Amino acid sequence: MSASNPNPPPSSTASTPSTTPSANAPSPATQTPPPPAAPSTIPSATPQTAKPTADTNKEGASDFNQWNITEADEKGFKLSQLIKKLLKQGIAKAVPFEQKDVHILLNRVFKYYTCPPDKKGSSTGPPPPPPGSASATTSVTPPKSPAQSLLELQAPINICGDTHGQYNDLLRIFNSCGAPTKNQYLFLGDYIDRGRHSLEVIILLFALKLAVPKKVHLLRGNHELKAINKNYGFYGELKTRFRCGAGTNTGVAEGLYAHFNQVFSYMPLAAIVSKRILCMHGGISPHLRTLDDIRGIGLPLETAKSNPLACDLLWADPEKTANGFEPNKIRAISHIFGKKEVDDLCKRLDIDLIVRAHQVVEYGYAFFADRRLITVFSASRYQDELHNYAAVVIVNRMLELSFVQLKPEEFEKRREEQDKAGGANQEQVTANTN
């Protein structure tokens with residue numbers, strides 16, 4: 001396929017992922033994309049309502065004791081049982097959650113991000129509270145964070161783009177690409193909003209992060225920003241699913257919403273794989289000169305606009321018509337960038353490839369800048385009119401790339417209708433989404 005047409009060709013048959021040349025090969029333009037693979041889909045079910053067990057304080061309270069988690073609650077929480085329930089084979093459907101269990105999970109994830117283990121396995125954060133103390137399970141105030149903005153990982157690894165509450169697609173990914181307990185995964189953000197099962201997606205991924213921290217790695221996306229997830233589905237899902245009787249117990253939903261966003265603010269913003277592949281949710285930045293610029297981004301990060309580099313890592317988009325870094329007029333935030341900016345950054349950082357998400361891609365992945373940049377999107381049929389594939393980038397130990405694609409339902413029917421109508425516009429390979 002020529003570099004001018006980054007779309008992988010459509011296919012009506014399933015196939016196993018094929019291998020493309022190494023990411024550290026002299027010329028990424030020699031890579032050839034594989035034919036689409038089409039595992040069967042699992043239909044989603046109507047969400048059920050989860051009942052809360054206790055009320056919490058309103059959104060915005062800074063006291064972590066607001067979650068009212070006792071030692072008995074903490075001891076009764078079974079992480080393995082939660083994961084088993086969420087990974088159970090069958091139809092992907094809403095799972096009832098107790099609000100105290102969600103708070104316990106979030107407390108543990110918060111502690112993991114604010115006190116990450118170093119290479120020797122010891123904790124680098126503040127000393128733990130004495131056993132049996134009230135703060136042993138709930139911190140009074142957030143500690144000063146040594147949270148990492150840049151993850152340093154090693155291949156082999158499976159890289160996933162946006163999942164957007166599509167629990168079914170997340171289960172299909174694990175079924176097609178291997179169990180997350182045995183295979184290493186890097187998710188590039190946007191776990192919530194849009195889809196019907198944001199809670200299942202983010203809770204499962206957080207639970208796996210705790211259970212197998214060396215196998216599951218989670219970057220932050222722009223939808224893990226409070227200004228976005230307040231309006232695009234996640235906040236509404238919390239209010240709908242955590243109700244008491246005929247009325248809505250807004251205190252429970254507000255408390256959970258505040259707790260989730262506190263954890264989101266400590267999530268890493270980028271990852272470097274085997275020192276050769278730079279990954280982020282959005283894109284590159286004029287403020288990115290060295291990897292230390294990313295390491296220097298202070299966490300927690302409450303708003304993207306407070307740090308220009310972080311804003312670009314969460315929001316920026318590639319655009320073949322861009323002349324340098326230009327304002328992103330479609331999103332009204334961050335920048336667009338062109339091929340030259342990708343080439344310059346790869347040379348300056350001595351890397352071979354950039355992998356990002358953030359945009360819908362018709363066949364699940366698309367190339368840019370002579371295949372120096374890959375956009376990957378892992379939520380199939382993101383919008384009814386798109387019927388897009390989901391995809392995963394597979395990086396083996398030799399840094400050779402292959403792709404797994406998950407075909408959406410009715411894809412071939414839609415293609416036949418387009419062919420009858422004169423064919424699709426093959427140049428339109430991505431679509432911006434908030």
# chains A, B, ... in the order shown; residues from 1 in each chain; ligands from 1
>>> select_by_dssp(residues="stretch 252-340 of chain A", states="strand (DSSP E)", output="list in words")
Ala270, Ala271, Ile272, Val273, Ile277, Leu278, Cys279, Met280, Asp317, Pro318, Glu326, Pro327, His335, Ile336 and Phe337 of chain A
>>> residues_around(residues="A:Leu105", least_positions_apart="4", cutoff="9 Å", atoms="only C-alpha atoms", output="short mmCIF file (atom, residue, chain, number, x, y, z; two decimals) with all heavy atoms, in the first residue's frame")
data_model
loop_
_atom_site.label_atom_id
_atom_site.label_comp_id
_atom_site.auth_asym_id
_atom_site.auth_seq_id
_atom_site.Cartn_x
_atom_site.Cartn_y
_atom_site.Cartn_z
N PHE A 77 -13.31 -6.76 51.08
CA PHE A 77 -13.20 -6.51 49.65
C PHE A 77 -12.30 -7.57 49.01
O PHE A 77 -11.15 -7.76 49.44
CB PHE A 77 -12.63 -5.11 49.41
CG PHE A 77 -12.41 -4.78 47.96
CD1 PHE A 77 -13.48 -4.48 47.14
CD2 PHE A 77 -11.13 -4.75 47.41
CE1 PHE A 77 -13.29 -4.16 45.80
CE2 PHE A 77 -10.92 -4.43 46.09
CZ PHE A 77 -12.01 -4.14 45.28
N LEU A 79 -10.55 -8.45 45.64
CA LEU A 79 -10.17 -7.99 44.31
C LEU A 79 -10.28 -9.10 43.27
O LEU A 79 -10.79 -8.88 42.16
CB LEU A 79 -8.74 -7.44 44.34
CG LEU A 79 -8.19 -6.88 43.03
CD1 LEU A 79 -8.97 -5.65 42.60
CD2 LEU A 79 -6.71 -6.55 43.17
N LYS A 100 -19.32 1.24 48.18
CA LYS A 100 -18.16 1.15 49.07
C LYS A 100 -17.03 0.35 48.42
O LYS A 100 -15.85 0.66 48.61
CB LYS A 100 -18.55 0.53 50.41
CG LYS A 100 -18.96 -0.93 50.35
CD LYS A 100 -19.27 -1.47 51.73
CE LYS A 100 -19.65 -2.96 51.67
NZ LYS A 100 -19.95 -3.50 53.01
N ASP A 101 -17.39 -0.68 47.63
CA ASP A 101 -16.37 -1.45 46.94
C ASP A 101 -15.64 -0.61 45.89
O ASP A 101 -14.43 -0.74 45.69
CB ASP A 101 -16.98 -2.69 46.27
CG ASP A 101 -17.42 -3.74 47.28
OD1 ASP A 101 -16.91 -3.72 48.42
OD2 ASP A 101 -18.27 -4.58 46.92
N VAL A 109 -6.06 2.20 44.06
CA VAL A 109 -5.43 2.70 42.84
C VAL A 109 -4.74 4.04 43.12
O VAL A 109 -3.63 4.29 42.65
CB VAL A 109 -6.46 2.85 41.70
CG1 VAL A 109 -5.80 3.43 40.46
CG2 VAL A 109 -7.08 1.49 41.37
N PHE A 110 -5.40 4.88 43.89
CA PHE A 110 -4.82 6.17 44.27
C PHE A 110 -3.48 5.96 44.97
O PHE A 110 -2.48 6.62 44.67
CB PHE A 110 -5.79 6.93 45.17
CG PHE A 110 -5.22 8.21 45.72
CD1 PHE A 110 -5.25 9.37 44.97
CD2 PHE A 110 -4.64 8.24 46.98
CE1 PHE A 110 -4.71 10.55 45.47
CE2 PHE A 110 -4.11 9.41 47.49
CZ PHE A 110 -4.13 10.57 46.73
N ILE A 203 -13.53 0.07 35.93
CA ILE A 203 -13.33 -0.74 37.14
C ILE A 203 -12.52 -1.99 36.83
O ILE A 203 -11.62 -2.37 37.59
CB ILE A 203 -14.69 -1.08 37.78
CG1 ILE A 203 -15.27 0.18 38.44
CG2 ILE A 203 -14.56 -2.20 38.81
CD1 ILE A 203 -16.67 -0.01 39.03
N PHE A 206 -8.86 -0.83 36.26
CA PHE A 206 -8.23 -0.46 37.53
C PHE A 206 -7.95 -1.71 38.38
O PHE A 206 -6.90 -1.81 39.02
CB PHE A 206 -9.12 0.51 38.30
CG PHE A 206 -8.92 1.96 37.94
CD1 PHE A 206 -9.86 2.92 38.30
CD2 PHE A 206 -7.80 2.39 37.25
CE1 PHE A 206 -9.68 4.26 37.99
CE2 PHE A 206 -7.60 3.73 36.93
CZ PHE A 206 -8.54 4.66 37.30
N ALA A 207 -8.90 -2.64 38.40
CA ALA A 207 -8.71 -3.86 39.18
C ALA A 207 -7.54 -4.67 38.63
O ALA A 207 -6.72 -5.20 39.40
CB ALA A 207 -9.99 -4.70 39.18
N LEU A 210 -4.19 -3.23 39.64
CA LEU A 210 -3.79 -3.61 41.00
C LEU A 210 -3.33 -5.05 41.06
O LEU A 210 -2.36 -5.39 41.74
CB LEU A 210 -4.95 -3.38 41.97
CG LEU A 210 -5.37 -1.93 42.21
CD1 LEU A 210 -6.60 -1.90 43.11
CD2 LEU A 210 -4.23 -1.13 42.82
#
>>> closest_residue(among="A:Gln184, A:Asn328, A:Asn231, A:Ser274", to="A:Lys209", atoms="only C-alpha atoms")
A:Gln184
>>> atom_distance(atom1="atom CA of A:Ala270", atom2="atom CA of A:Leu399")
18.3 Å
>>> closest_residue(among="A:Gly298, A:Lys88, A:Gly178, A:Arg289", to="A:Lys347", atoms="only C-alpha atoms")
A:Arg289
>>> closest_residue(among="A:Ile336, A:Ile294, A:Val393, A:Val102", to="A:Val252", atoms="only C-alpha atoms")
A:Val102
>>> closest_residue(among="A:Lys407, A:Lys111, A:His164, A:Arg276", to="A:Cys346", atoms="only C-alpha atoms")
A:Arg276
>>> select_by_dssp(residues="stretch 206-399 of chain A", states="helix (DSSP H, G or I)", output="JSON, numbers by chain")
{"A": [206, 207, 208, 209, 210, 211, 222, 223, 224, 226, 227, 228, 229, 234, 235, 236, 237, 238, 239, 240, 241, 250, 251, 252, 253, 254, 255, 256, 257, 258, 259, 260, 261, 262, 263, 264, 291, 292, 293, 294, 295, 304, 305, 306, 308, 309, 310, 311, 312, 313, 314, 315, 339, 340, 341, 342, 343, 344, 345, 346, 347, 348, 349]}
>>> residues_around(residues="A:Thr290", least_positions_apart="4", cutoff="10 Å", atoms="only C-alpha atoms", output="JSON, numbers by chain")
{"A": [294, 295, 345, 348, 349, 350]}
>>> residues_around(residues="A:His287", least_positions_apart="3", cutoff="10 Å", atoms="only C-alpha atoms", output="NGL selection string")
:A and (284 or 290 or 293-294 or 307-310 or 312)
>>> write_last_selection(atoms="C-alpha atoms", output="short mmCIF file (atom, residue, chain, number, x, y, z; two decimals), in the first residue's frame")
data_model
loop_
_atom_site.label_atom_id
_atom_site.label_comp_id
_atom_site.auth_asym_id
_atom_site.auth_seq_id
_atom_site.Cartn_x
_atom_site.Cartn_y
_atom_site.Cartn_z
CA ILE A 284 3.10 15.55 20.03
CA THR A 290 13.30 15.71 25.52
CA ASP A 293 9.93 17.36 29.62
CA ILE A 294 7.26 14.69 30.09
CA ASN A 307 0.26 22.64 31.34
CA PRO A 308 0.71 23.19 27.56
CA LEU A 309 2.73 19.99 27.04
CA ALA A 310 0.21 17.87 28.96
CA ASP A 312 -0.99 18.42 23.69
#
>>> residues_around(residues="A:Ile351", least_positions_apart="3", cutoff="12 Å", atoms="only C-alpha atoms", output="compact mmCIF listing (two decimals) with C-alpha atoms, in the first residue's frame")
# COMPACT_ATOMS: atom_id res chain seq x y z
CA ALA A 23 9.69 -0.50 14.49
CA ASN A 24 13.43 0.11 14.56
CA ALA A 25 13.90 -0.68 10.89
CA PRO A 26 15.62 2.07 8.89
CA PRO A 28 9.02 2.45 8.53
CA ILE A 272 8.11 4.89 26.04
CA VAL A 273 8.36 1.25 24.92
CA SER A 274 11.85 -0.28 24.68
CA LYS A 275 13.21 3.26 24.25
CA ARG A 276 12.00 3.24 20.62
CA ILE A 277 8.19 3.75 20.60
CA LEU A 278 6.60 6.80 22.20
CA CYS A 279 2.94 6.47 23.14
CA THR A 290 13.30 15.71 25.52
CA LEU A 291 11.60 12.91 27.45
CA VAL A 342 6.79 13.86 13.50
CA ASP A 343 10.10 13.33 11.67
CA ASP A 344 11.84 16.03 13.69
CA LEU A 345 10.65 14.62 17.00
CA CYS A 346 11.64 11.05 16.13
CA LYS A 347 15.12 12.26 15.22
CA ARG A 348 15.46 14.48 18.28
CA ILE A 354 4.79 7.23 17.74
CA VAL A 355 1.58 5.42 18.66
CA ARG A 372 6.25 6.97 11.61
CA LEU A 373 2.97 7.53 13.47
CA LEU A 399 9.79 -4.52 17.95
>>> residues_around(residues="A:Met280", least_positions_apart="6", cutoff="12 Å", atoms="only C-alpha atoms", output="PyMOL selection string")
chain A and resi 149-151+159-162+186-190+217-222+267-273+294+309-317+353-358+373-376
>>> write_last_selection(atoms="N, CA and C atoms", output="compact mmCIF listing (two decimals), in the first residue's frame")
# COMPACT_ATOMS: atom_id res chain seq x y z
N SER A 149 4.68 10.71 35.31
CA SER A 149 3.99 11.17 34.11
C SER A 149 4.40 10.36 32.88
N LEU A 150 5.58 9.74 32.92
CA LEU A 150 6.08 8.94 31.80
C LEU A 150 6.39 7.53 32.28
N LEU A 151 5.77 6.53 31.66
CA LEU A 151 6.06 5.14 31.95
C LEU A 151 7.18 4.65 31.02
N ILE A 159 -0.85 -2.71 22.43
CA ILE A 159 -1.22 -1.30 22.64
C ILE A 159 -2.64 -1.06 22.14
N CYS A 160 -3.49 -0.55 23.02
CA CYS A 160 -4.91 -0.34 22.71
C CYS A 160 -5.24 1.14 22.75
N GLY A 161 -6.14 1.56 21.85
CA GLY A 161 -6.62 2.94 21.83
C GLY A 161 -7.88 3.11 22.66
N ASP A 162 -8.71 4.07 22.29
CA ASP A 162 -9.93 4.40 23.04
C ASP A 162 -10.84 3.17 23.17
N LEU A 186 -0.86 -2.02 27.13
CA LEU A 186 -0.81 -0.58 27.37
C LEU A 186 -2.05 0.03 26.75
N PHE A 187 -2.87 0.68 27.58
CA PHE A 187 -4.08 1.37 27.12
C PHE A 187 -3.79 2.87 27.08
N LEU A 188 -4.23 3.52 26.00
CA LEU A 188 -3.87 4.92 25.75
C LEU A 188 -4.93 5.92 26.19
N GLY A 189 -5.87 5.51 27.06
CA GLY A 189 -6.81 6.47 27.61
C GLY A 189 -8.19 6.42 27.00
N ASP A 190 -9.07 7.29 27.48
CA ASP A 190 -10.49 7.36 27.08
C ASP A 190 -11.19 6.03 27.33
N HIS A 217 -1.04 -1.42 31.95
CA HIS A 217 -0.59 -0.05 32.11
C HIS A 217 -1.63 0.88 31.49
N LEU A 218 -1.98 1.92 32.20
CA LEU A 218 -3.07 2.80 31.80
C LEU A 218 -2.58 4.25 31.70
N LEU A 219 -2.68 4.83 30.51
CA LEU A 219 -2.43 6.26 30.35
C LEU A 219 -3.74 7.02 30.48
N ARG A 220 -3.61 8.29 30.69
CA ARG A 220 -4.78 9.16 30.80
C ARG A 220 -5.17 9.68 29.42
N GLY A 221 -6.47 9.73 29.15
CA GLY A 221 -6.98 10.34 27.93
C GLY A 221 -7.69 11.64 28.24
N ASN A 222 -8.11 12.35 27.23
CA ASN A 222 -8.79 13.62 27.48
C ASN A 222 -10.15 13.42 28.14
N MET A 267 -2.92 9.89 36.89
CA MET A 267 -2.55 8.89 35.88
C MET A 267 -1.43 9.40 34.98
N PRO A 268 -0.53 8.52 34.53
CA PRO A 268 0.55 8.93 33.62
C PRO A 268 0.01 9.40 32.29
N LEU A 269 0.81 10.21 31.60
CA LEU A 269 0.38 10.86 30.36
C LEU A 269 1.04 10.30 29.11
N ALA A 270 2.10 9.53 29.27
CA ALA A 270 2.81 8.99 28.11
C ALA A 270 3.60 7.76 28.54
N ALA A 271 4.07 7.01 27.54
CA ALA A 271 4.90 5.83 27.81
C ALA A 271 5.93 5.70 26.68
N ILE A 272 7.09 5.19 27.03
CA ILE A 272 8.11 4.89 26.04
C ILE A 272 8.38 3.38 26.11
N VAL A 273 8.23 2.70 24.99
CA VAL A 273 8.36 1.25 24.92
C VAL A 273 9.72 0.89 24.34
N ILE A 294 8.44 15.43 29.65
CA ILE A 294 7.26 14.69 30.09
C ILE A 294 7.41 14.27 31.55
N LEU A 309 2.26 21.27 27.54
CA LEU A 309 2.73 19.99 27.04
C LEU A 309 1.73 18.89 27.37
N ALA A 310 1.22 18.86 28.59
CA ALA A 310 0.21 17.87 28.96
C ALA A 310 -1.03 18.01 28.10
N CYS A 311 -1.41 19.25 27.82
CA CYS A 311 -2.59 19.50 26.98
C CYS A 311 -2.41 18.86 25.61
N ASP A 312 -1.24 19.01 25.01
CA ASP A 312 -0.99 18.42 23.69
C ASP A 312 -0.94 16.89 23.76
N LEU A 313 -0.34 16.34 24.80
CA LEU A 313 -0.30 14.89 24.95
C LEU A 313 -1.70 14.29 25.04
N LEU A 314 -2.64 15.08 25.53
CA LEU A 314 -4.02 14.60 25.67
C LEU A 314 -4.90 14.95 24.46
N TRP A 315 -4.56 16.00 23.71
CA TRP A 315 -5.51 16.55 22.74
C TRP A 315 -5.03 16.67 21.30
N ALA A 316 -3.72 16.74 21.04
CA ALA A 316 -3.23 17.10 19.71
C ALA A 316 -3.55 16.03 18.66
N ASP A 317 -3.65 16.46 17.39
CA ASP A 317 -3.99 15.58 16.27
C ASP A 317 -3.02 15.76 15.11
N LEU A 353 9.05 5.39 16.28
CA LEU A 353 7.61 5.34 16.05
C LEU A 353 6.86 6.05 17.15
N ILE A 354 5.73 6.64 16.79
CA ILE A 354 4.79 7.23 17.74
C ILE A 354 3.46 6.50 17.58
N VAL A 355 2.89 6.06 18.68
CA VAL A 355 1.58 5.42 18.66
C VAL A 355 0.64 6.24 19.53
N ARG A 356 -0.48 6.64 18.96
CA ARG A 356 -1.45 7.47 19.69
C ARG A 356 -2.86 7.00 19.37
N ALA A 357 -3.85 7.58 20.04
CA ALA A 357 -5.25 7.19 19.87
C ALA A 357 -6.06 8.43 19.50
N HIS A 358 -7.18 8.66 20.20
CA HIS A 358 -7.86 9.97 20.18
C HIS A 358 -8.76 10.24 18.97
N LEU A 373 4.00 7.34 12.44
CA LEU A 373 2.97 7.53 13.47
C LEU A 373 1.79 6.63 13.16
N ILE A 374 1.27 5.98 14.18
CA ILE A 374 0.10 5.12 14.06
C ILE A 374 -0.99 5.65 14.97
N THR A 375 -2.20 5.79 14.43
CA THR A 375 -3.38 6.05 15.24
C THR A 375 -4.11 4.73 15.42
N VAL A 376 -4.42 4.38 16.67
CA VAL A 376 -5.14 3.14 16.96
C VAL A 376 -6.40 3.48 17.76
>>> atom_distance(atom1="atom CA of A:Phe377", atom2="atom CA of A:Val392")
7.6 Å
>>> atom_distance(atom1="atom CA of A:Ile104", atom2="atom CA of A:Asp73")
8.0 Å
>>> closest_residue(among="A:Leu204, A:Leu301, A:Ala92, A:Ala390", to="A:Val404", atoms="only C-alpha atoms")
A:Ala390
>>> residues_around(residues="A:Gly338", least_positions_apart="4", cutoff="10 Å", atoms="only C-alpha atoms", output="list in words")
Asp317, Pro318, Glu319, Lys320, Thr321, Ala322, Asn323, Gly324, Phe325, Glu326, Val342, Asp343, Phe368 and Ala369 of chain A
>>> closest_residue(among="A:Arg381, A:Lys329, A:Arg108, A:Arg371", to="A:Asn168", atoms="only C-alpha atoms")
A:Arg381
